[in-house]
>>> print(open('query.txt').read())   # compact mmCIF, C-alpha atoms
# COMPACT_ATOMS: atom_id res chain seq x y z
CA MET J 1 -50.65 -3.23 -46.17
CA ASN J 2 -49.11 -6.68 -46.44
CA MET J 3 -47.93 -8.45 -43.34
CA ASN J 4 -44.43 -9.69 -43.94
CA LEU J 5 -41.03 -10.16 -42.35
CA THR J 6 -40.83 -6.46 -41.62
CA LEU J 7 -42.88 -7.40 -38.56
CA LEU J 8 -40.03 -9.50 -37.21
CA GLY J 9 -37.46 -6.96 -38.26
CA GLN J 10 -39.30 -4.31 -36.32
CA ALA J 11 -39.66 -6.52 -33.27
CA ILE J 12 -35.94 -7.32 -33.32
CA SER J 13 -34.85 -3.71 -33.73
CA PHE J 14 -37.34 -2.73 -31.02
CA ALA J 15 -35.79 -5.25 -28.65
CA ILE J 16 -32.29 -4.00 -29.45
CA PHE J 17 -33.22 -0.36 -28.90
CA VAL J 18 -34.93 -1.16 -25.63
CA TRP J 19 -31.92 -3.15 -24.49
CA PHE J 20 -29.59 -0.29 -25.43
CA CYS J 21 -31.77 2.22 -23.65
CA MET J 22 -32.02 0.04 -20.56
CA LYS J 23 -28.29 -0.52 -20.37
CA TYR J 24 -26.68 2.68 -21.58
CA VAL J 25 -29.23 5.49 -21.52
CA TRP J 26 -31.67 5.23 -18.67
CA PRO J 27 -29.43 4.46 -15.66
CA PRO J 28 -26.85 7.25 -16.17
CA ILE J 29 -29.48 9.90 -16.84
CA LEU J 30 -31.56 8.89 -13.87
CA GLN J 31 -28.42 8.75 -11.75
CA ALA J 32 -27.55 12.28 -12.80
CA LEU J 33 -31.06 13.44 -11.97
CA GLU J 34 -30.94 11.85 -8.55
CA ASP J 35 -27.49 13.22 -7.86
CA ARG J 36 -28.63 16.68 -8.78
CA GLU J 37 -31.69 16.35 -6.57
CA ALA J 38 -29.47 15.35 -3.66
CA LYS J 39 -27.10 18.19 -4.40
CA ILE J 40 -29.87 20.77 -4.52
CA ALA J 41 -31.28 19.47 -1.27
CA ASP J 42 -27.82 19.68 0.31
CA GLY J 43 -27.36 23.18 -1.03
CA LEU J 44 -30.66 24.35 0.38
CA ALA J 45 -29.87 22.80 3.75
CA ALA J 46 -26.45 24.46 3.75
CA ALA J 47 -27.99 27.80 2.89
CA GLU J 48 -30.45 27.42 5.76
CA ARG J 49 -27.61 26.53 8.10
CA GLY J 50 -25.61 29.52 6.87
CA LYS J 51 -28.52 31.83 7.51
CA GLN J 52 -28.89 30.58 11.06
CA GLU J 53 -25.19 30.93 11.67
CA LEU J 54 -25.30 34.46 10.33
CA GLU J 55 -28.13 35.31 12.68
CA GLN J 56 -26.23 33.87 15.61
CA ALA J 57 -23.13 35.77 14.59
CA ALA J 58 -25.12 39.00 14.35
CA GLN J 59 -26.44 38.42 17.85
CA GLY J 60 -22.92 37.65 19.11
CA LYS J 61 -21.62 40.79 17.47
CA GLU J 62 -24.23 42.93 19.19
CA GLU J 63 -23.33 41.42 22.52
CA ALA J 64 -19.61 41.82 22.02
CA LEU J 65 -20.11 45.42 20.98
CA ARG J 66 -22.14 46.18 24.08
CA GLU J 67 -19.60 44.46 26.28
CA GLY J 68 -16.79 46.41 24.66
CA ARG J 69 -18.58 49.68 25.19
CA ASP J 70 -19.20 48.86 28.85
CA LYS J 71 -15.61 47.88 29.38
CA ALA J 72 -14.33 51.03 27.71
CA GLN J 73 -16.57 53.12 29.92
CA GLU J 74 -15.26 51.29 32.94
CA PHE J 75 -11.67 51.89 31.85
CA ILE J 76 -12.32 55.55 31.33
CA THR J 77 -13.89 55.86 34.77
CA GLN J 78 -11.02 54.02 36.39
CA ALA J 79 -8.47 56.13 34.58
CA GLN J 80 -10.26 59.28 35.68
CA LYS J 81 -10.22 58.12 39.25
CA ARG J 82 -6.61 57.11 39.07
CA SER J 83 -5.53 60.43 37.59
CA ASP J 84 -7.39 62.27 40.31
CA GLU J 85 -5.61 60.17 42.88
CA ILE J 86 -2.24 60.84 41.30
CA VAL J 87 -2.84 64.57 41.19
CA GLU J 88 -3.95 64.51 44.80
CA ALA J 89 -0.90 62.52 45.87
CA ALA J 90 1.38 64.88 43.94
CA LYS J 91 -0.17 67.83 45.67
CA VAL J 92 0.43 66.26 49.09
CA THR J 93 4.00 65.38 48.21
CA ALA J 94 4.66 68.87 46.91
CA ARG J 95 3.24 70.39 50.05
CA GLU J 96 5.37 68.17 52.25
CA GLU J 97 8.45 68.91 50.19
CA ALA J 98 7.83 72.61 50.43
CA GLU J 99 7.40 72.30 54.17
CA ARG J 100 10.61 70.36 54.44
CA ILE J 101 12.56 72.87 52.34
CA LYS J 102 11.15 75.68 54.42
CA LEU J 103 12.18 73.99 57.67
CA ALA J 104 15.66 73.26 56.35
CA ALA J 105 16.06 76.89 55.27
CA GLN J 106 14.88 78.10 58.66
CA ALA J 107 17.33 75.80 60.43
CA GLU J 108 20.16 77.02 58.24
CA ILE J 109 19.23 80.60 58.88
CA GLU J 110 19.14 79.96 62.60
CA GLN J 111 22.48 78.23 62.48
CA ASN J 112 24.01 81.11 60.55
CA GLN J 113 22.53 83.53 63.06
CA ASN J 114 24.03 81.55 65.90
CA GLN J 115 27.41 81.40 64.22
CA ALA J 116 27.33 85.12 63.52
CA ARG J 117 26.25 85.75 67.05
CA GLU J 118 29.09 83.55 68.36
CA ALA J 119 31.61 85.30 66.16
CA LEU J 120 30.33 88.70 67.23
CA ARG J 121 30.48 87.69 70.83
CA LEU J 122 34.08 86.60 70.50
CA GLU J 123 34.87 89.77 68.60
CA VAL J 124 33.14 91.90 71.24
CA GLY J 125 34.98 89.98 73.97
CA LYS J 126 38.21 90.63 72.23
CA LEU J 127 37.35 94.28 71.74
CA ALA J 128 36.26 94.60 75.30
CA LEU J 129 39.43 93.00 76.43
CA ALA J 130 41.50 95.25 74.21
CA GLY J 131 39.51 98.19 75.48
CA ALA J 132 40.04 97.17 79.02
CA GLU J 133 43.74 96.73 78.33
CA GLN J 134 43.83 100.13 76.96
CA VAL J 135 41.99 101.47 79.93
CA LEU J 136 44.19 99.74 82.43
CA MET J 137 47.24 100.44 80.37
CA ARG J 138 48.67 97.34 81.31
CA GLU J 139 48.58 93.97 80.18
CA VAL J 140 45.85 91.89 81.55
CA ASP J 141 46.82 88.46 82.22
CA GLU J 142 44.67 86.66 79.93
CA SER J 143 45.05 83.45 81.76
CA ALA J 144 44.22 85.10 85.06
CA HIS J 145 41.08 86.64 83.76
CA ARG J 146 39.93 83.94 81.45
CA ASP J 147 37.10 83.09 83.77
CA VAL J 148 35.98 86.65 83.87
CA LEU J 149 36.23 86.96 80.13
CA ALA J 150 34.33 83.76 79.50
CA LYS J 151 31.65 84.95 81.89
CA LEU J 152 31.51 88.21 80.06
CA SER J 153 31.30 86.68 76.63
CA ALA J 154 28.61 84.34 77.83
CA GLU J 155 26.63 87.27 79.02
CA LEU J 156 26.91 89.10 75.72
CA MET C 1 -43.69 10.57 -59.01
CA ALA C 2 -44.38 9.77 -62.54
CA ALA C 3 -48.05 9.29 -61.78
CA ALA C 4 -50.48 10.69 -64.30
CA THR C 5 -53.67 10.72 -62.28
CA PRO C 6 -54.30 11.59 -58.66
CA ALA C 7 -55.35 8.01 -57.97
CA GLU C 8 -52.03 6.69 -59.27
CA TYR C 9 -50.16 9.34 -57.34
CA ILE C 10 -51.90 8.37 -54.12
CA SER C 11 -51.52 4.63 -54.52
CA HIS C 12 -47.88 5.19 -55.38
CA HIS C 13 -47.34 7.12 -52.17
CA ILE C 14 -48.87 4.53 -49.92
CA GLN C 15 -46.84 1.67 -51.40
CA ASN C 16 -43.89 0.32 -49.45
CA LEU C 17 -40.58 -0.59 -51.02
CA THR C 18 -40.99 -4.33 -50.66
CA PHE C 19 -38.18 -6.77 -51.26
CA GLY C 20 -39.04 -10.41 -51.78
CA GLN C 21 -39.44 -13.30 -54.18
CA HIS C 22 -41.29 -12.57 -57.39
CA ALA C 23 -43.88 -14.94 -58.80
CA ASP C 24 -41.35 -16.17 -61.36
CA GLY C 25 -38.91 -17.19 -58.60
CA THR C 26 -36.44 -14.34 -58.87
CA TRP C 27 -35.69 -12.04 -55.92
CA GLY C 28 -36.11 -8.34 -56.17
CA VAL C 29 -38.13 -5.24 -55.35
CA ALA C 30 -41.85 -5.36 -56.02
CA HIS C 31 -43.21 -3.04 -58.69
CA GLY C 32 -46.62 -2.08 -57.49
CA ALA C 33 -49.02 -3.26 -54.85
CA LYS C 34 -50.04 -6.42 -56.64
CA GLU C 35 -46.51 -7.80 -56.88
CA ALA C 36 -45.85 -6.89 -53.28
CA ALA C 37 -48.96 -8.74 -52.18
CA GLU C 38 -47.93 -11.82 -54.16
CA MET C 39 -44.62 -11.98 -52.30
CA GLY C 40 -46.46 -13.09 -49.19
CA PHE C 41 -44.91 -13.16 -45.75
CA ILE C 42 -41.32 -13.78 -46.82
CA ALA C 43 -40.65 -10.22 -47.86
CA LEU C 44 -39.20 -7.11 -46.29
CA ASN C 45 -40.33 -3.49 -46.50
CA LEU C 46 -36.95 -1.90 -47.01
CA ASP C 47 -38.14 1.68 -46.54
CA THR C 48 -39.87 0.90 -43.25
CA MET C 49 -36.80 -0.92 -41.97
CA PHE C 50 -34.46 1.84 -43.10
CA TRP C 51 -36.36 4.74 -41.58
CA SER C 52 -37.23 2.97 -38.37
CA LEU C 53 -33.63 1.88 -37.86
CA LEU C 54 -32.43 5.39 -38.69
CA THR C 55 -34.78 7.00 -36.20
CA GLY C 56 -34.04 4.33 -33.60
CA ILE C 57 -30.30 4.80 -33.95
CA LEU C 58 -30.82 8.56 -33.82
CA PHE C 59 -32.69 8.11 -30.55
CA CYS C 60 -29.93 5.92 -29.11
CA TYR C 61 -27.26 8.37 -30.20
CA LEU C 62 -29.00 11.54 -29.01
CA PHE C 63 -29.81 10.10 -25.61
CA ARG C 64 -26.54 8.23 -25.22
CA VAL C 65 -24.64 11.50 -25.68
CA VAL C 66 -26.48 12.95 -22.71
CA ALA C 67 -26.16 9.79 -20.63
CA ARG C 68 -22.42 9.69 -21.23
CA ASP C 69 -21.68 13.35 -20.53
CA ALA C 70 -24.40 13.94 -17.97
CA SER C 71 -23.31 16.89 -15.90
CA ILE C 72 -24.84 17.61 -12.53
CA ASP C 73 -23.73 21.21 -12.23
CA LYS C 74 -23.69 22.50 -15.78
CA PRO C 75 -26.21 20.65 -17.90
CA SER C 76 -26.28 21.61 -21.54
CA ARG C 77 -29.55 22.67 -23.12
CA TRP C 78 -29.83 19.36 -24.87
CA GLN C 79 -29.28 17.58 -21.59
CA LEU C 80 -32.07 19.56 -19.97
CA CYS C 81 -34.31 18.72 -22.88
CA VAL C 82 -33.55 15.01 -22.57
CA GLU C 83 -33.99 15.19 -18.82
CA MET C 84 -37.42 16.69 -19.30
CA VAL C 85 -38.46 13.74 -21.45
CA VAL C 86 -36.89 11.28 -19.03
CA GLU C 87 -38.63 12.88 -16.07
CA MET C 88 -41.94 12.83 -17.90
CA VAL C 89 -41.54 9.13 -18.65
CA ALA C 90 -40.31 8.35 -15.14
CA GLY C 91 -43.29 10.21 -13.70
CA SER C 92 -45.73 8.31 -15.92
CA VAL C 93 -44.18 5.00 -14.91
CA ARG C 94 -44.31 5.96 -11.23
CA ASP C 95 -47.97 6.87 -11.51
CA ALA C 96 -49.20 3.93 -13.55
CA PHE C 97 -46.89 1.06 -12.67
CA HIS C 98 -46.64 -0.15 -9.11
CA GLY C 99 -44.47 -3.23 -9.46
CA ARG C 100 -40.71 -3.37 -9.34
CA ASN C 101 -39.29 -3.86 -12.80
CA ALA C 102 -36.15 -2.24 -14.20
CA LEU C 103 -37.33 -2.85 -17.76
CA ILE C 104 -40.53 -0.82 -17.77
CA ALA C 105 -39.11 2.70 -17.60
CA PRO C 106 -36.44 2.31 -20.33
CA LEU C 107 -39.00 0.45 -22.40
CA ALA C 108 -41.46 3.31 -22.05
CA LEU C 109 -38.77 5.88 -22.90
CA THR C 110 -37.74 3.94 -26.00
CA ILE C 111 -41.36 3.59 -27.12
CA PHE C 112 -42.13 7.26 -26.61
CA VAL C 113 -39.08 8.73 -28.30
CA TRP C 114 -38.80 6.17 -31.06
CA ILE C 115 -42.45 6.39 -32.06
CA PHE C 116 -42.28 10.17 -31.80
CA LEU C 117 -39.30 10.28 -34.15
CA MET C 118 -40.90 7.84 -36.59
CA ASN C 119 -44.11 9.87 -36.53
CA LEU C 120 -42.10 13.01 -36.98
CA MET C 121 -41.10 11.83 -40.45
CA ASP C 122 -44.70 12.58 -41.33
CA LEU C 123 -43.95 16.30 -41.15
CA VAL C 124 -41.37 16.09 -43.91
CA PRO C 125 -43.23 17.18 -47.03
CA VAL C 126 -44.56 14.09 -48.77
CA ASP C 127 -42.53 14.42 -51.94
CA PHE C 128 -39.10 15.49 -50.65
CA ILE C 129 -37.59 12.12 -49.91
CA PRO C 130 -39.47 10.15 -52.60
CA PHE C 131 -38.23 12.69 -55.14
CA VAL C 132 -34.61 12.19 -54.10
CA SER C 133 -35.00 8.42 -53.97
CA HIS C 134 -36.62 8.49 -57.39
CA LEU C 135 -33.55 10.30 -58.72
CA VAL C 136 -31.29 7.52 -57.46
CA GLY C 137 -33.61 4.89 -58.91
CA ILE C 138 -35.68 3.80 -55.95
CA GLU C 139 -39.26 3.64 -57.06
CA TYR C 140 -41.17 3.50 -53.81
CA MET C 141 -40.31 5.29 -50.62
CA LYS C 142 -42.76 5.45 -47.76
CA MET C 143 -40.78 7.15 -45.06
CA VAL C 144 -43.10 7.09 -42.04
CA PRO C 145 -42.54 3.63 -40.53
CA THR C 146 -45.59 3.95 -38.29
CA THR C 147 -47.83 4.10 -41.37
CA ASP C 148 -46.71 0.54 -42.06
CA VAL C 149 -48.84 -1.93 -40.15
CA ASN C 150 -45.84 -4.23 -39.84
CA ALA C 151 -43.98 -1.68 -37.77
CA THR C 152 -46.78 -1.05 -35.32
CA PHE C 153 -47.56 -4.74 -34.99
CA GLY C 154 -43.89 -5.51 -34.55
CA MET C 155 -43.92 -3.36 -31.45
CA SER C 156 -47.33 -4.25 -30.08
CA LEU C 157 -46.69 -7.98 -30.44
CA SER C 158 -43.38 -7.58 -28.62
CA ILE C 159 -45.30 -5.89 -25.84
CA PHE C 160 -47.90 -8.64 -25.92
CA GLY C 161 -45.07 -11.13 -25.49
CA LEU C 162 -43.84 -9.17 -22.48
CA MET C 163 -47.36 -9.08 -21.03
CA VAL C 164 -47.67 -12.85 -21.25
CA TYR C 165 -44.11 -13.37 -19.98
CA TYR C 166 -44.51 -11.16 -16.93
CA GLY C 167 -48.04 -12.41 -16.33
CA ILE C 168 -46.74 -15.94 -16.01
CA LYS C 169 -43.57 -14.91 -14.20
CA VAL C 170 -45.33 -12.85 -11.55
CA LYS C 171 -48.50 -14.88 -11.04
CA GLY C 172 -47.27 -18.30 -12.06
CA PHE C 173 -48.90 -20.52 -14.67
CA GLY C 174 -51.92 -21.17 -12.49
CA GLY C 175 -52.43 -17.54 -11.65
CA PHE C 176 -52.10 -16.42 -15.24
CA PHE C 177 -54.49 -18.96 -16.71
CA GLY C 178 -56.73 -18.67 -13.67
CA GLU C 179 -57.24 -15.04 -14.55
CA LEU C 180 -58.13 -16.05 -18.08
CA ALA C 181 -60.51 -18.80 -16.98
CA PHE C 182 -62.19 -17.69 -13.76
CA HIS C 183 -62.99 -14.06 -14.51
CA PRO C 184 -65.25 -12.22 -14.78
CA PHE C 185 -68.11 -14.70 -14.01
CA GLY C 186 -66.55 -17.24 -11.65
CA LYS C 187 -65.65 -20.91 -12.12
CA ALA C 188 -69.07 -22.05 -13.30
CA PHE C 189 -68.82 -20.11 -16.54
CA LEU C 190 -65.32 -21.21 -17.49
CA PRO C 191 -65.75 -21.41 -21.28
CA ILE C 192 -67.42 -18.00 -21.47
CA ASN C 193 -64.75 -16.51 -19.22
CA LEU C 194 -62.02 -18.01 -21.35
CA VAL C 195 -63.48 -16.59 -24.55
CA LEU C 196 -64.10 -13.15 -23.06
CA GLU C 197 -60.73 -12.83 -21.37
CA THR C 198 -58.81 -14.16 -24.35
CA VAL C 199 -60.54 -11.72 -26.66
CA SER C 200 -59.95 -8.81 -24.31
CA MET C 201 -56.33 -9.83 -23.94
CA LEU C 202 -55.77 -10.15 -27.67
CA ALA C 203 -57.56 -6.86 -28.22
CA LYS C 204 -54.84 -5.05 -26.29
CA PRO C 205 -51.96 -5.44 -28.76
CA LEU C 206 -54.38 -5.19 -31.66
CA SER C 207 -55.84 -1.89 -30.53
CA LEU C 208 -52.40 -0.64 -29.57
CA SER C 209 -50.96 -1.15 -33.02
CA LEU C 210 -54.05 -0.33 -35.05
CA ARG C 211 -54.60 2.92 -33.18
CA LEU C 212 -51.12 4.14 -33.98
CA PHE C 213 -51.21 2.81 -37.52
CA GLY C 214 -54.66 4.24 -38.21
CA ASN C 215 -53.83 7.69 -36.93
CA MET C 216 -50.56 7.94 -38.75
CA PHE C 217 -51.80 6.40 -41.97
CA ALA C 218 -54.78 8.73 -42.02
CA GLY C 219 -52.56 11.72 -41.34
CA GLU C 220 -50.16 10.71 -44.06
CA LEU C 221 -53.02 10.13 -46.44
CA VAL C 222 -54.35 13.62 -45.84
CA PHE C 223 -50.95 15.05 -46.73
CA VAL C 224 -50.85 12.90 -49.86
CA LEU C 225 -54.40 13.92 -50.80
CA ILE C 226 -53.53 17.57 -50.38
CA ALA C 227 -50.49 17.08 -52.57
CA ALA C 228 -52.46 15.12 -55.15
CA LEU C 229 -55.60 17.17 -55.54
CA ILE C 230 -54.68 20.78 -54.90
CA PRO C 231 -52.57 23.00 -57.16
CA PHE C 232 -49.05 23.38 -55.77
CA TRP C 233 -49.36 27.13 -55.10
CA LEU C 234 -52.36 26.57 -52.85
CA GLN C 235 -51.27 23.44 -51.02
CA TRP C 236 -49.76 25.38 -48.12
CA ALA C 237 -53.22 26.68 -47.19
CA LEU C 238 -54.23 23.17 -46.15
CA SER C 239 -50.98 21.33 -45.51
CA VAL C 240 -49.58 23.90 -43.06
CA PRO C 241 -52.60 23.87 -40.71
CA TRP C 242 -52.76 20.09 -40.98
CA ALA C 243 -49.05 19.81 -40.20
CA ILE C 244 -49.41 22.05 -37.18
CA PHE C 245 -52.33 19.99 -35.97
CA HIS C 246 -50.31 16.87 -36.72
CA ILE C 247 -47.57 17.95 -34.33
CA LEU C 248 -50.14 17.35 -31.62
CA VAL C 249 -51.22 14.03 -33.12
CA ILE C 250 -47.76 12.52 -33.43
CA THR C 251 -46.84 13.46 -29.87
CA LEU C 252 -50.16 12.28 -28.52
CA GLN C 253 -49.97 8.96 -30.34
CA ALA C 254 -46.47 8.34 -29.06
CA TYR C 255 -47.63 9.21 -25.56
CA ILE C 256 -50.73 7.01 -25.76
CA PHE C 257 -48.71 4.04 -27.00
CA MET C 258 -46.25 4.51 -24.14
CA MET C 259 -48.92 5.02 -21.51
CA LEU C 260 -50.97 1.99 -22.56
CA THR C 261 -47.84 -0.14 -22.61
CA ILE C 262 -47.13 0.86 -19.03
CA VAL C 263 -50.72 0.19 -18.01
CA TYR C 264 -50.89 -3.20 -19.73
CA LEU C 265 -47.62 -4.34 -18.25
CA GLY C 266 -48.75 -3.03 -14.89
CA GLN C 267 -51.87 -5.19 -15.19
CA SER C 268 -49.81 -8.27 -15.86
CA HIS C 269 -47.87 -7.52 -12.66
CA GLU C 270 -50.98 -7.11 -10.52
CA SER C 271 -53.35 -9.82 -9.52
CA HIS C 272 -57.07 -9.24 -9.70
CA ASP C 273 -57.64 -11.21 -6.53
>>> encode(input="query.txt", output="structure tokens")
Amino acid sequence: MNMNLTLLGQAISFAIFVWFCMKYVWPPILQALEDREAKIADGLAAAERGKQELEQAAQGKEEALREGRDKAQEFITQAQKRSDEIVEAAKVTAREEAERIKLAAQAEIEQNQNQAREALRLEVGKLALAGAEQVLMREVDESAHRDVLAKLSAEL
Amino acid sequence: MAAATPAEYISHHIQNLTFGQHADGTWGVAHGAKEAAEMGFIALNLDTMFWSLLTGILFCYLFRVVARDASIDKPSRWQLCVEMVVEMVAGSVRDAFHGRNALIAPLALTIFVWIFLMNLMDLVPVDFIPFVSHLVGIEYMKMVPTTDVNATFGMSLSIFGLMVYYGIKVKGFGGFFGELAFHPFGKAFLPINLVLETVSMLAKPLSLSLRLFGNMFAGELVFVLIAALIPFWLQWALSVPWAIFHILVITLQAYIFMMLTIVYLGQSHESHD
């Protein structure tokens, strides 16, 4: 219980410890605490921002999906229409082509008929002439009766 | 240790290891309370100095480790523990001190942790360290520095010095002595004011140190009494509950010392006018 120099010793060591704490302990720890506070605040803000962005993105997705569906529907409708048109056009073309082929065939048939008819006529003319020759027993002057013969063959 | 009676045992345990000049002029360690008292002011309690320095250095080391490696993302458990103490002190300073002073918060932290560690020595069973020191030839070993009135006064007088220093620095000489002279009764009662204010001012460091000393000395004495008067196989029945209760006391005393320091220094920063 005696007061002695320990008093001063204590005061001096107290001062040294306080100085040490003030210089090397307190500032770094407080700095770390403040930094962490700032970091947590930033993190929370970022999380909030992320949530909002996610919500926006979800909305955007919904919209894009709807748009895509609409567009697809439109494409399908267009394609349907177009295919109908193509089929229709093909039908028309086919009909026309058939008509054309039919006409061409008819024309050819007619031509062949005419040719055959011509040939027959000539043949008949010749036969008639030969027959007449035979009947007359004498040679018919072909050149003299050409007109007659031509008239005859034309009438056949 | 070698005490025959409980009274000798007790007086042995409350005696500091005092180094000073003997009555015959030689220097050495006092043997007994009487010799220590005769050494007067020019003497040093070696055990108090040793344990207080040890605990103080321990505080600096433990907290410096955290301060140096402070991690923001991955704090260690010890760092979190230190941060809790630091936040508690910072919160107390914020609440009770409204000036701007970079010294107050580290000062409060040092006071709280250092006093806590010194008080904590009280929970080491009373004979462990004295027994070891006795084996190596040291006769007296009082290992709770805060049960030495020198230690508590050393701190409270330092704080008193700071109170006066900041009082004068913030308010100026006139302001500081004006507060001593013109309160609480006005200028007409100057002598009475001076006496009252001086007493109340001096009472601050006195109460600060005596409160801590009284609590810790009483607590230590109870441990010593238990050890002195009760058979060893029954001591736990009293010393364990007392130790558990004492955990509260040592923390509370450290906290009170810190809090009052903050308040007193806050008062010397604030004018009454």
>>> closest_residue(input="query.txt", among="C:Val86, C:Ala23, C:Leu17, C:Val29", to="chain J", atoms="all atoms listed in the file")
C:Val86
>>> interface_residues(input="query.txt", of="chain J", to="chain C", cutoff="7 Å", atoms="only C-alpha atoms", output="PyMOL selection string")
chain J and resi 1-8+10-11+14+17-18+21-22+24-26+28-29+32+35-36
>>> write_last_selection(input="query.txt", atoms="C-alpha atoms", output="PDB file, in the coordinates of the input")
ATOM      1  CA  MET J   1     -50.650  -3.230 -46.170  1.00  0.00           C
ATOM      2  CA  ASN J   2     -49.110  -6.680 -46.440  1.00  0.00           C
ATOM      3  CA  MET J   3     -47.930  -8.450 -43.340  1.00  0.00           C
ATOM      4  CA  ASN J   4     -44.430  -9.690 -43.940  1.00  0.00           C
ATOM      5  CA  LEU J   5     -41.030 -10.160 -42.350  1.00  0.00           C
ATOM      6  CA  THR J   6     -40.830  -6.460 -41.620  1.00  0.00           C
ATOM      7  CA  LEU J   7     -42.880  -7.400 -38.560  1.00  0.00           C
ATOM      8  CA  LEU J   8     -40.030  -9.500 -37.210  1.00  0.00           C
ATOM      9  CA  GLN J  10     -39.300  -4.310 -36.320  1.00  0.00           C
ATOM     10  CA  ALA J  11     -39.660  -6.520 -33.270  1.00  0.00           C
ATOM     11  CA  PHE J  14     -37.340  -2.730 -31.020  1.00  0.00           C
ATOM     12  CA  PHE J  17     -33.220  -0.360 -28.900  1.00  0.00           C
ATOM     13  CA  VAL J  18     -34.930  -1.160 -25.630  1.00  0.00           C
ATOM     14  CA  CYS J  21     -31.770   2.220 -23.650  1.00  0.00           C
ATOM     15  CA  MET J  22     -32.020   0.040 -20.560  1.00  0.00           C
ATOM     16  CA  TYR J  24     -26.680   2.680 -21.580  1.00  0.00           C
ATOM     17  CA  VAL J  25     -29.230   5.490 -21.520  1.00  0.00           C
ATOM     18  CA  TRP J  26     -31.670   5.230 -18.670  1.00  0.00           C
ATOM     19  CA  PRO J  28     -26.850   7.250 -16.170  1.00  0.00           C
ATOM     20  CA  ILE J  29     -29.480   9.900 -16.840  1.00  0.00           C
ATOM     21  CA  ALA J  32     -27.550  12.280 -12.800  1.00  0.00           C
ATOM     22  CA  ASP J  35     -27.490  13.220  -7.860  1.00  0.00           C
ATOM     23  CA  ARG J  36     -28.630  16.680  -8.780  1.00  0.00           C
TER      24      ARG J  36
END
>>> atom_distance(input="query.txt", atom1="CA of Val85 in chain C", atom2="CA of Leu117 in chain C")
13.2 Å
>>> residues_around(input="query.txt", residues="Thr198 in chain C", least_positions_apart="5", cutoff="9 Å", atoms="all atoms listed in the file", output="list of chain:residue names")
C:Leu180, C:Ala181, C:Asn193, C:Ala203
>>> closest_residue(input="query.txt", among="J:Glu74, J:Glu53, J:Glu155, J:Asp42", to="Leu122 in chain J", atoms="all atoms listed in the file")
J:Glu155
>>> atom_distance(input="query.txt", atom1="CA of Val144 in chain C", atom2="CA of Trp51 in chain C")
7.2 Å
>>> atom_distance(input="query.txt", atom1="CA of Glu139 in chain C", atom2="CA of His12 in chain C")
8.9 Å
>>> residues_around(input="query.txt", residues="Leu152 in chain J", least_positions_apart="3", cutoff="10 Å", atoms="only C-alpha atoms", output="list in words")
Arg121, Val124, Gly125, Ala128, Leu129, Arg146, Asp147, Val148, Leu149, Glu155 and Leu156 of chain J
